[in-house]
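Next up, target.pdb (PDB, C-alpha atoms):
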```pdb
ATOM      1  CA  MET A1481     -91.443 -13.002-183.558  1.00  0.00           C
ATOM      2  CA  THR A1482     -92.332 -14.083-187.069  1.00  0.00           C
ATOM      3  CA  GLU A1483     -93.375 -17.638-187.978  1.00  0.00           C
ATOM      4  CA  GLU A1484     -93.631 -18.520-191.669  1.00  0.00           C
ATOM      5  CA  ILE A1485     -95.587 -21.731-192.211  1.00  0.00           C
ATOM      6  CA  ILE A1486     -96.613 -23.896-195.138  1.00  0.00           C
ATOM      7  CA  ILE A1487     -99.377 -26.476-194.656  1.00  0.00           C
ATOM      8  CA  ALA A1488     -99.683 -28.852-197.600  1.00  0.00           C
ATOM      9  CA  GLY A1489    -101.587 -31.993-198.574  1.00  0.00           C
ATOM     10  CA  PHE A1490    -104.607 -33.130-200.554  1.00  0.00           C
ATOM     11  CA  GLY A1491    -107.863 -31.218-200.797  1.00  0.00           C
ATOM     12  CA  GLY A1492    -110.298 -32.627-198.253  1.00  0.00           C
ATOM     13  CA  GLN A1493    -107.655 -33.100-195.539  1.00  0.00           C
ATOM     14  CA  GLY A1494    -108.451 -29.776-193.907  1.00  0.00           C
ATOM     15  CA  VAL A1495    -105.308 -28.021-195.132  1.00  0.00           C
ATOM     16  CA  LEU A1496    -106.981 -24.685-195.789  1.00  0.00           C
ATOM     17  CA  SER A1497    -109.028 -24.929-192.590  1.00  0.00           C
ATOM     18  CA  MET A1498    -105.890 -25.431-190.506  1.00  0.00           C
ATOM     19  CA  GLY A1499    -104.363 -22.338-192.039  1.00  0.00           C
ATOM     20  CA  LYS A1500    -107.539 -20.341-191.562  1.00  0.00           C
ATOM     21  CA  ILE A1501    -107.820 -21.320-187.888  1.00  0.00           C
ATOM     22  CA  LEU A1502    -104.177 -20.412-187.355  1.00  0.00           C
ATOM     23  CA  ALA A1503    -104.615 -17.044-189.077  1.00  0.00           C
ATOM     24  CA  TYR A1504    -107.763 -16.154-187.137  1.00  0.00           C
ATOM     25  CA  SER A1505    -106.087 -17.214-183.893  1.00  0.00           C
ATOM     26  CA  GLY A1506    -103.186 -14.891-184.676  1.00  0.00           C
ATOM     27  CA  ILE A1507    -105.608 -12.037-185.289  1.00  0.00           C
ATOM     28  CA  MET A1508    -107.236 -12.737-181.911  1.00  0.00           C
ATOM     29  CA  GLN A1509    -103.768 -12.386-180.371  1.00  0.00           C
ATOM     30  CA  ASP A1510    -103.260  -9.001-182.073  1.00  0.00           C
ATOM     31  CA  LYS A1511    -100.627 -10.400-184.431  1.00  0.00           C
ATOM     32  CA  GLU A1512    -100.121  -9.412-188.018  1.00  0.00           C
ATOM     33  CA  VAL A1513    -101.121 -12.342-190.224  1.00  0.00           C
ATOM     34  CA  SER A1514    -101.204 -13.460-193.825  1.00  0.00           C
ATOM     35  CA  TRP A1515    -103.216 -16.411-195.176  1.00  0.00           C
ATOM     36  CA  MET A1516    -102.584 -17.335-198.786  1.00  0.00           C
ATOM     37  CA  PRO A1517    -104.221 -20.523-200.111  1.00  0.00           C
ATOM     38  CA  SER A1518    -103.229 -22.390-203.241  1.00  0.00           C
ATOM     39  CA  TYR A1519    -105.208 -25.295-204.644  1.00  0.00           C
ATOM     40  CA  GLY A1520    -106.102 -27.060-207.838  1.00  0.00           C
ATOM     41  CA  PRO A1521    -109.527 -27.004-209.474  1.00  0.00           C
ATOM     42  CA  GLU A1522    -110.557 -30.291-207.812  1.00  0.00           C
ATOM     43  CA  MET A1523    -112.823 -30.083-204.753  1.00  0.00           C
ATOM     44  CA  ARG A1524    -111.188 -33.079-203.059  1.00  0.00           C
ATOM     45  CA  GLY A1525    -108.164 -35.159-203.894  1.00  0.00           C
ATOM     46  CA  GLY A1526    -106.224 -32.437-205.691  1.00  0.00           C
ATOM     47  CA  THR A1527    -103.223 -30.764-204.153  1.00  0.00           C
ATOM     48  CA  ALA A1528    -103.724 -27.918-201.728  1.00  0.00           C
ATOM     49  CA  ASN A1529    -101.439 -25.776-199.623  1.00  0.00           C
ATOM     50  CA  VAL A1530    -101.668 -22.621-197.613  1.00  0.00           C
ATOM     51  CA  THR A1531     -98.983 -20.207-196.512  1.00  0.00           C
ATOM     52  CA  VAL A1532     -99.571 -18.600-193.122  1.00  0.00           C
ATOM     53  CA  ILE A1533     -97.417 -15.890-191.610  1.00  0.00           C
ATOM     54  CA  VAL A1534     -97.921 -14.892-187.972  1.00  0.00           C
ATOM     55  CA  SER A1535     -95.822 -11.938-186.878  1.00  0.00           C
ATOM     56  CA  ASP A1536     -95.390  -9.154-184.342  1.00  0.00           C
ATOM     57  CA  GLU A1537     -94.497  -6.875-187.243  1.00  0.00           C
ATOM     58  CA  ARG A1538     -96.265  -5.925-190.444  1.00  0.00           C
ATOM     59  CA  VAL A1539     -96.247  -8.688-193.072  1.00  0.00           C
ATOM     60  CA  CYS A1540     -94.791  -7.198-196.236  1.00  0.00           C
ATOM     61  CA  SER A1541     -95.500 -10.060-198.628  1.00  0.00           C
ATOM     62  CA  PRO A1542     -97.338 -13.391-198.345  1.00  0.00           C
ATOM     63  CA  ILE A1543     -95.081 -14.946-200.990  1.00  0.00           C
ATOM     64  CA  LEU A1544     -92.314 -17.076-199.478  1.00  0.00           C
ATOM     65  CA  ASN A1545     -89.524 -19.254-200.831  1.00  0.00           C
ATOM     66  CA  ALA A1546     -88.500 -20.738-197.463  1.00  0.00           C
ATOM     67  CA  PHE A1547     -90.451 -21.601-194.327  1.00  0.00           C
ATOM     68  CA  ASP A1548     -89.825 -21.844-190.587  1.00  0.00           C
ATOM     69  CA  THR A1549     -92.269 -24.760-190.394  1.00  0.00           C
ATOM     70  CA  ALA A1550     -93.760 -27.161-192.924  1.00  0.00           C
ATOM     71  CA  VAL A1551     -96.819 -29.251-192.021  1.00  0.00           C
ATOM     72  CA  ILE A1552     -96.971 -32.022-194.620  1.00  0.00           C
ATOM     73  CA  LEU A1553     -99.859 -34.435-195.193  1.00  0.00           C
ATOM     74  CA  ASN A1554     -98.896 -36.317-198.368  1.00  0.00           C
ATOM     75  CA  GLN A1555     -95.843 -37.548-200.289  1.00  0.00           C
ATOM     76  CA  GLN A1556     -96.163 -35.028-203.132  1.00  0.00           C
ATOM     77  CA  SER A1557     -96.033 -32.158-200.647  1.00  0.00           C
ATOM     78  CA  LEU A1558     -93.101 -33.702-198.798  1.00  0.00           C
ATOM     79  CA  ASP A1559     -91.197 -33.998-202.076  1.00  0.00           C
ATOM     80  CA  LYS A1560     -91.992 -30.380-202.929  1.00  0.00           C
ATOM     81  CA  PHE A1561     -91.486 -28.625-199.572  1.00  0.00           C
ATOM     82  CA  GLU A1562     -88.880 -30.576-197.547  1.00  0.00           C
ATOM     83  CA  ASP A1563     -86.024 -28.601-199.090  1.00  0.00           C
ATOM     84  CA  LYS A1564     -87.847 -25.306-198.495  1.00  0.00           C
ATOM     85  CA  VAL A1565     -87.698 -25.546-194.676  1.00  0.00           C
ATOM     86  CA  LYS A1566     -85.083 -23.164-193.284  1.00  0.00           C
ATOM     87  CA  PRO A1567     -82.122 -24.787-191.470  1.00  0.00           C
ATOM     88  CA  GLY A1568     -83.138 -25.208-187.825  1.00  0.00           C
ATOM     89  CA  GLY A1569     -86.820 -25.168-188.834  1.00  0.00           C
ATOM     90  CA  TYR A1570     -89.539 -27.744-188.230  1.00  0.00           C
ATOM     91  CA  LEU A1571     -91.131 -30.336-190.482  1.00  0.00           C
ATOM     92  CA  LEU A1572     -94.205 -32.154-189.181  1.00  0.00           C
ATOM     93  CA  TYR A1573     -95.711 -34.910-191.277  1.00  0.00           C
ATOM     94  CA  ASP A1574     -98.373 -37.561-191.038  1.00  0.00           C
ATOM     95  CA  PRO A1575     -96.813 -40.916-192.017  1.00  0.00           C
ATOM     96  CA  ASN A1576    -100.082 -42.167-193.543  1.00  0.00           C
ATOM     97  CA  GLY A1577     -99.371 -42.303-197.279  1.00  0.00           C
ATOM     98  CA  ILE A1578     -95.730 -41.270-196.936  1.00  0.00           C
ATOM     99  CA  THR A1579     -93.491 -43.775-198.700  1.00  0.00           C
ATOM    100  CA  LYS A1580     -90.213 -41.858-198.534  1.00  0.00           C
ATOM    101  CA  LYS A1581     -89.570 -40.244-195.149  1.00  0.00           C
ATOM    102  CA  PRO A1582     -87.814 -36.889-194.783  1.00  0.00           C
ATOM    103  CA  THR A1583     -84.031 -37.141-194.729  1.00  0.00           C
ATOM    104  CA  ARG A1584     -82.679 -33.715-193.794  1.00  0.00           C
ATOM    105  CA  LYS A1585     -80.399 -33.539-190.763  1.00  0.00           C
ATOM    106  CA  ASP A1586     -80.455 -29.759-190.266  1.00  0.00           C
ATOM    107  CA  ILE A1587     -84.142 -29.441-189.277  1.00  0.00           C
ATOM    108  CA  HIS A1588     -86.397 -30.826-186.543  1.00  0.00           C
ATOM    109  CA  ILE A1589     -88.585 -33.610-187.974  1.00  0.00           C
ATOM    110  CA  TYR A1590     -91.697 -34.963-186.231  1.00  0.00           C
ATOM    111  CA  SER A1591     -93.978 -37.762-187.350  1.00  0.00           C
ATOM    112  CA  ILE A1592     -97.533 -37.033-186.152  1.00  0.00           C
ATOM    113  CA  GLU A1593     -99.893 -39.982-186.581  1.00  0.00           C
ATOM    114  CA  GLY A1594    -102.973 -37.802-186.981  1.00  0.00           C
ATOM    115  CA  ALA A1595    -104.848 -40.106-189.365  1.00  0.00           C
ATOM    116  CA  GLN A1596    -104.334 -43.076-187.042  1.00  0.00           C
ATOM    117  CA  LEU A1597    -105.347 -41.131-183.930  1.00  0.00           C
ATOM    118  CA  ALA A1598    -108.463 -39.788-185.653  1.00  0.00           C
ATOM    119  CA  SER A1599    -109.345 -43.330-186.760  1.00  0.00           C
ATOM    120  CA  ASP A1600    -108.783 -44.659-183.225  1.00  0.00           C
ATOM    121  CA  MET A1601    -111.163 -41.968-181.974  1.00  0.00           C
ATOM    122  CA  GLY A1602    -113.762 -42.986-184.556  1.00  0.00           C
ATOM    123  CA  ASN A1603    -113.889 -39.549-186.174  1.00  0.00           C
ATOM    124  CA  SER A1604    -111.718 -38.982-189.230  1.00  0.00           C
ATOM    125  CA  LYS A1605    -112.908 -35.383-189.440  1.00  0.00           C
ATOM    126  CA  VAL A1606    -110.734 -34.374-186.466  1.00  0.00           C
ATOM    127  CA  PHE A1607    -107.557 -35.323-188.347  1.00  0.00           C
ATOM    128  CA  ASN A1608    -106.614 -31.721-189.129  1.00  0.00           C
ATOM    129  CA  MET A1609    -107.274 -30.631-185.520  1.00  0.00           C
ATOM    130  CA  ILE A1610    -104.873 -33.310-184.270  1.00  0.00           C
ATOM    131  CA  ILE A1611    -102.188 -32.128-186.667  1.00  0.00           C
ATOM    132  CA  LEU A1612    -102.798 -28.470-185.796  1.00  0.00           C
ATOM    133  CA  GLY A1613    -102.708 -29.309-182.082  1.00  0.00           C
ATOM    134  CA  ALA A1614     -99.373 -31.065-182.528  1.00  0.00           C
ATOM    135  CA  PHE A1615     -97.989 -28.062-184.412  1.00  0.00           C
ATOM    136  CA  LEU A1616     -99.053 -25.672-181.644  1.00  0.00           C
ATOM    137  CA  LYS A1617     -97.625 -28.016-179.027  1.00  0.00           C
ATOM    138  CA  LEU A1618     -94.236 -27.832-180.755  1.00  0.00           C
ATOM    139  CA  ARG A1619     -94.482 -24.177-181.758  1.00  0.00           C
ATOM    140  CA  PRO A1620     -96.717 -22.428-179.184  1.00  0.00           C
ATOM    141  CA  ILE A1621     -96.989 -19.212-181.157  1.00  0.00           C
ATOM    142  CA  ILE A1622    -100.649 -18.687-180.161  1.00  0.00           C
ATOM    143  CA  ASP A1623    -102.188 -18.784-176.647  1.00  0.00           C
ATOM    144  CA  ASN A1624    -104.963 -21.345-176.047  1.00  0.00           C
ATOM    145  CA  LYS A1625    -107.586 -18.649-175.372  1.00  0.00           C
ATOM    146  CA  ASN A1626    -106.840 -17.102-178.756  1.00  0.00           C
ATOM    147  CA  VAL A1627    -107.049 -20.487-180.467  1.00  0.00           C
ATOM    148  CA  GLU A1628    -110.524 -20.833-178.935  1.00  0.00           C
ATOM    149  CA  GLU A1629    -111.496 -17.474-180.437  1.00  0.00           C
ATOM    150  CA  GLY A1630    -109.882 -18.373-183.748  1.00  0.00           C
ATOM    151  CA  LEU A1631    -111.902 -21.568-183.893  1.00  0.00           C
ATOM    152  CA  ARG A1632    -115.111 -19.697-183.130  1.00  0.00           C
ATOM    153  CA  HIS A1633    -114.518 -17.211-185.941  1.00  0.00           C
ATOM    154  CA  SER A1634    -113.109 -19.516-188.599  1.00  0.00           C
ATOM    155  CA  LEU A1635    -115.313 -22.609-188.456  1.00  0.00           C
ATOM    156  CA  PRO A1636    -118.772 -22.491-189.998  1.00  0.00           C
ATOM    157  CA  GLU A1637    -121.705 -23.346-187.745  1.00  0.00           C
ATOM    158  CA  ARG A1638    -122.457 -26.462-189.796  1.00  0.00           C
ATOM    159  CA  ALA A1639    -119.023 -27.881-188.912  1.00  0.00           C
ATOM    160  CA  HIS A1640    -119.712 -27.809-185.188  1.00  0.00           C
ATOM    161  CA  LYS A1641    -121.831 -30.960-185.383  1.00  0.00           C
ATOM    162  CA  ASP A1642    -118.842 -32.995-186.586  1.00  0.00           C
ATOM    163  CA  PHE A1643    -117.115 -33.036-183.234  1.00  0.00           C
ATOM    164  CA  PRO A1644    -118.058 -35.731-180.725  1.00  0.00           C
ATOM    165  CA  ASN A1645    -120.586 -34.509-178.132  1.00  0.00           C
ATOM    166  CA  THR A1646    -120.369 -30.991-179.513  1.00  0.00           C
ATOM    167  CA  LYS A1647    -122.870 -28.276-180.252  1.00  0.00           C
ATOM    168  CA  LYS A1648    -120.875 -25.081-179.571  1.00  0.00           C
ATOM    169  CA  PRO A1649    -117.688 -23.602-181.034  1.00  0.00           C
ATOM    170  CA  LEU A1650    -116.038 -23.484-177.618  1.00  0.00           C
ATOM    171  CA  ASP A1651    -116.456 -27.254-177.392  1.00  0.00           C
ATOM    172  CA  TRP A1652    -114.255 -27.439-180.484  1.00  0.00           C
ATOM    173  CA  ALA A1653    -111.639 -25.490-178.572  1.00  0.00           C
ATOM    174  CA  ALA A1654    -111.938 -27.721-175.496  1.00  0.00           C
ATOM    175  CA  PHE A1655    -111.383 -30.794-177.666  1.00  0.00           C
ATOM    176  CA  PHE A1656    -108.512 -29.100-179.461  1.00  0.00           C
ATOM    177  CA  VAL A1657    -106.761 -28.340-176.157  1.00  0.00           C
ATOM    178  CA  PHE A1658    -107.453 -31.930-175.024  1.00  0.00           C
ATOM    179  CA  ILE A1659    -105.712 -33.261-178.123  1.00  0.00           C
ATOM    180  CA  ARG A1660    -102.703 -31.052-177.422  1.00  0.00           C
ATOM    181  CA  LYS A1661    -102.383 -32.492-173.909  1.00  0.00           C
ATOM    182  CA  ARG A1662    -103.373 -36.107-174.582  1.00  0.00           C
ATOM    183  CA  PHE A1663    -101.381 -36.821-177.719  1.00  0.00           C
ATOM    184  CA  PRO A1664     -98.020 -35.049-177.643  1.00  0.00           C
ATOM    185  CA  PRO A1665     -96.074 -35.342-180.890  1.00  0.00           C
ATOM    186  CA  ARG A1666     -93.442 -38.026-181.228  1.00  0.00           C
ATOM    187  CA  PRO A1667     -90.141 -37.089-182.825  1.00  0.00           C
ATOM    188  CA  SER A1668     -89.084 -39.185-185.789  1.00  0.00           C
ATOM    189  CA  ARG A1669     -85.599 -40.526-186.052  1.00  0.00           C
ATOM    190  CA  PRO A1670     -84.300 -40.254-189.624  1.00  0.00           C
TER     191      PRO A1670
END
```
Mind turning the file's structure into structure tokens?
Amino acid sequence: MTEEIIIAGFGGQGVLSMGKILAYSGIMQDKEVSWMPSYGPEMRGGTANVTVIVSDERVCSPILNAFDTAVILNQQSLDKFEDKVKPGGYLLYDPNGITKKPTRKDIHIYSIEGAQLASDMGNSKVFNMIILGAFLKLRPIIDNKNVEEGLRHSLPERAHKDFPNTKKPLDWAAFFVFIRKRFPPRPSRP
């Protein structure tokens, strides 16, 4: 099993964090992983993307021209990466800020309303966890227990306070699993 993923959006949306959590979770599951970030000089608001490869076999190169899955969080990234999803692959996107929806017919397309769900919950900082939970619901490439370990190792201690009623890293994982069960992704119909 090899899953080649691109996660793309604006800086500040948690793009790199999602990739980092996914990579650490793969390591906890004894997978071979690659995490390669790419971002502009801006701290927030600039473009950012991260390529993550999770595999049973050695990863030869982190540089990819096509992806099994694209997780897209803004229109610029959708314009850039929609055509780079392999036929039969997956494209997940948050419709917030998307003006031109994906049009391909040879891939699975899902609209995940992460920004709206995070707003409804009163905590915009969980947006990336909702999106990541939806991805892992659709593509369960990592076991929940390993996601819990990945969260523990990838999130800084200062970030733990941002979750509702949370003080420990494992509470992050409990909330993450809750999101996966409570808000299953809804397929879009192009």
Tell me which protein, DNA and RNA residues are within 8 Å of A:Trp1515, counting all atoms listed in the file, leaving out same-chain ones fewer than 6 positions away, and put them as a compact mmCIF listing (two decimals) with C-alpha atoms, in the coordinates of the input.
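Contents of around-v8.txt, freshly written:
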```
# COMPACT_ATOMS: atom_id res chain seq x y z
CA GLY A 1499 -104.36 -22.34 -192.04
CA LYS A 1500 -107.54 -20.34 -191.56
CA ALA A 1503 -104.62 -17.04 -189.08
CA VAL A 1530 -101.67 -22.62 -197.61
CA THR A 1531 -98.98 -20.21 -196.51
CA VAL A 1532 -99.57 -18.60 -193.12
CA ILE A 1533 -97.42 -15.89 -191.61
CA PRO A 1542 -97.34 -13.39 -198.34
```
Quick one: which residues end up in the PyMOL selection byres ((chain A and resi 1582-1596) around 8) for this structure, as a tab-separated table (two decimals) with C-alpha atoms, keeping the file's coordinate frame?
```
chain	number	residue	atom	x	y	z
A	1558	LEU	CA	-93.10	-33.70	-198.80
A	1562	GLU	CA	-88.88	-30.58	-197.55
A	1565	VAL	CA	-87.70	-25.55	-194.68
A	1566	LYS	CA	-85.08	-23.16	-193.28
A	1567	PRO	CA	-82.12	-24.79	-191.47
A	1568	GLY	CA	-83.14	-25.21	-187.82
A	1569	GLY	CA	-86.82	-25.17	-188.83
A	1570	TYR	CA	-89.54	-27.74	-188.23
A	1571	LEU	CA	-91.13	-30.34	-190.48
A	1572	LEU	CA	-94.20	-32.15	-189.18
A	1573	TYR	CA	-95.71	-34.91	-191.28
A	1574	ASP	CA	-98.37	-37.56	-191.04
A	1575	PRO	CA	-96.81	-40.92	-192.02
A	1576	ASN	CA	-100.08	-42.17	-193.54
A	1580	LYS	CA	-90.21	-41.86	-198.53
A	1581	LYS	CA	-89.57	-40.24	-195.15
A	1597	LEU	CA	-105.35	-41.13	-183.93
A	1598	ALA	CA	-108.46	-39.79	-185.65
A	1599	SER	CA	-109.34	-43.33	-186.76
A	1600	ASP	CA	-108.78	-44.66	-183.22
A	1604	SER	CA	-111.72	-38.98	-189.23
A	1607	PHE	CA	-107.56	-35.32	-188.35
A	1608	ASN	CA	-106.61	-31.72	-189.13
A	1610	ILE	CA	-104.87	-33.31	-184.27
A	1611	ILE	CA	-102.19	-32.13	-186.67
A	1614	ALA	CA	-99.37	-31.06	-182.53
A	1665	PRO	CA	-96.07	-35.34	-180.89
A	1666	ARG	CA	-93.44	-38.03	-181.23
A	1667	PRO	CA	-90.14	-37.09	-182.82
A	1668	SER	CA	-89.08	-39.18	-185.79
A	1669	ARG	CA	-85.60	-40.53	-186.05
A	1670	PRO	CA	-84.30	-40.25	-189.62
```
Explicit residue set for the PyMOL selection byres ((chain A and resi 1617-1622) around 8), as an NGL selection string: :A and (1483 or 1505-1506 or 1509 or 1613-1616 or 1623-1624 or 1626-1627 or 1660 or 1664-1665)
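The gap separating atom CA of A:Met1498 from atom CA of A:Glu1512 is 17.2 Å, in Å to one decimal.
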Pick from A:Glu1537, A:Val1495, A:Lys1564, A:Pro1636 nearest to A:Thr1549, counting all atoms listed in the file: A:Lys1564
Got a moment to write stretch 1528-1544 of chain A out with N, CA and C atoms, as a CSV table (one decimal), in the first residue's frame?
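See decode-v9.csv below for the written result:
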```csv
chain,number,residue,atom,x,y,z
A,1528,ALA,N,0.4,27.5,0.7
A,1528,ALA,CA,1.2,26.5,1.4
A,1528,ALA,C,0.7,25.1,0.9
A,1529,ASN,N,1.6,24.2,0.8
A,1529,ASN,CA,1.1,22.8,0.5
A,1529,ASN,C,2.2,21.9,1.1
A,1530,VAL,N,1.8,20.6,1.2
A,1530,VAL,CA,2.6,19.6,1.8
A,1530,VAL,C,2.3,18.3,1.1
A,1531,THR,N,3.4,17.6,0.6
A,1531,THR,CA,3.3,16.3,0.0
A,1531,THR,C,3.6,15.3,1.1
A,1532,VAL,N,2.7,14.3,1.3
A,1532,VAL,CA,2.9,13.2,2.3
A,1532,VAL,C,2.7,11.9,1.5
A,1533,ILE,N,3.7,11.1,1.7
A,1533,ILE,CA,3.6,9.7,1.2
A,1533,ILE,C,3.7,8.7,2.4
A,1534,VAL,N,2.7,7.8,2.4
A,1534,VAL,CA,2.6,6.8,3.4
A,1534,VAL,C,2.7,5.5,2.7
A,1535,SER,N,3.6,4.6,3.0
A,1535,SER,CA,3.8,3.4,2.2
A,1535,SER,C,4.3,2.2,3.1
A,1536,ASP,N,4.0,1.0,2.6
A,1536,ASP,CA,4.6,-0.2,3.2
A,1536,ASP,C,6.0,-0.4,2.7
A,1537,GLU,N,6.4,0.3,1.6
A,1537,GLU,CA,7.7,0.1,1.1
A,1537,GLU,C,8.5,1.4,1.2
A,1538,ARG,N,9.8,1.3,1.0
A,1538,ARG,CA,10.7,2.4,1.1
A,1538,ARG,C,10.2,3.5,0.1
A,1539,VAL,N,10.2,4.8,0.5
A,1539,VAL,CA,9.9,5.9,-0.3
A,1539,VAL,C,11.1,6.4,-1.0
A,1540,CYS,N,11.1,6.3,-2.3
A,1540,CYS,CA,12.4,6.6,-3.1
A,1540,CYS,C,12.5,8.1,-3.3
A,1541,SER,N,11.4,8.8,-3.5
A,1541,SER,CA,11.5,10.3,-3.7
A,1541,SER,C,10.3,10.9,-3.2
A,1542,PRO,N,10.4,12.1,-2.5
A,1542,PRO,CA,9.2,12.8,-2.1
A,1542,PRO,C,8.6,13.7,-3.2
A,1543,ILE,N,9.3,13.8,-4.3
A,1543,ILE,CA,8.8,14.6,-5.4
A,1543,ILE,C,7.8,13.9,-6.3
A,1544,LEU,N,6.6,14.4,-6.4
A,1544,LEU,CA,5.5,13.8,-7.1
A,1544,LEU,C,4.9,14.7,-8.2
```
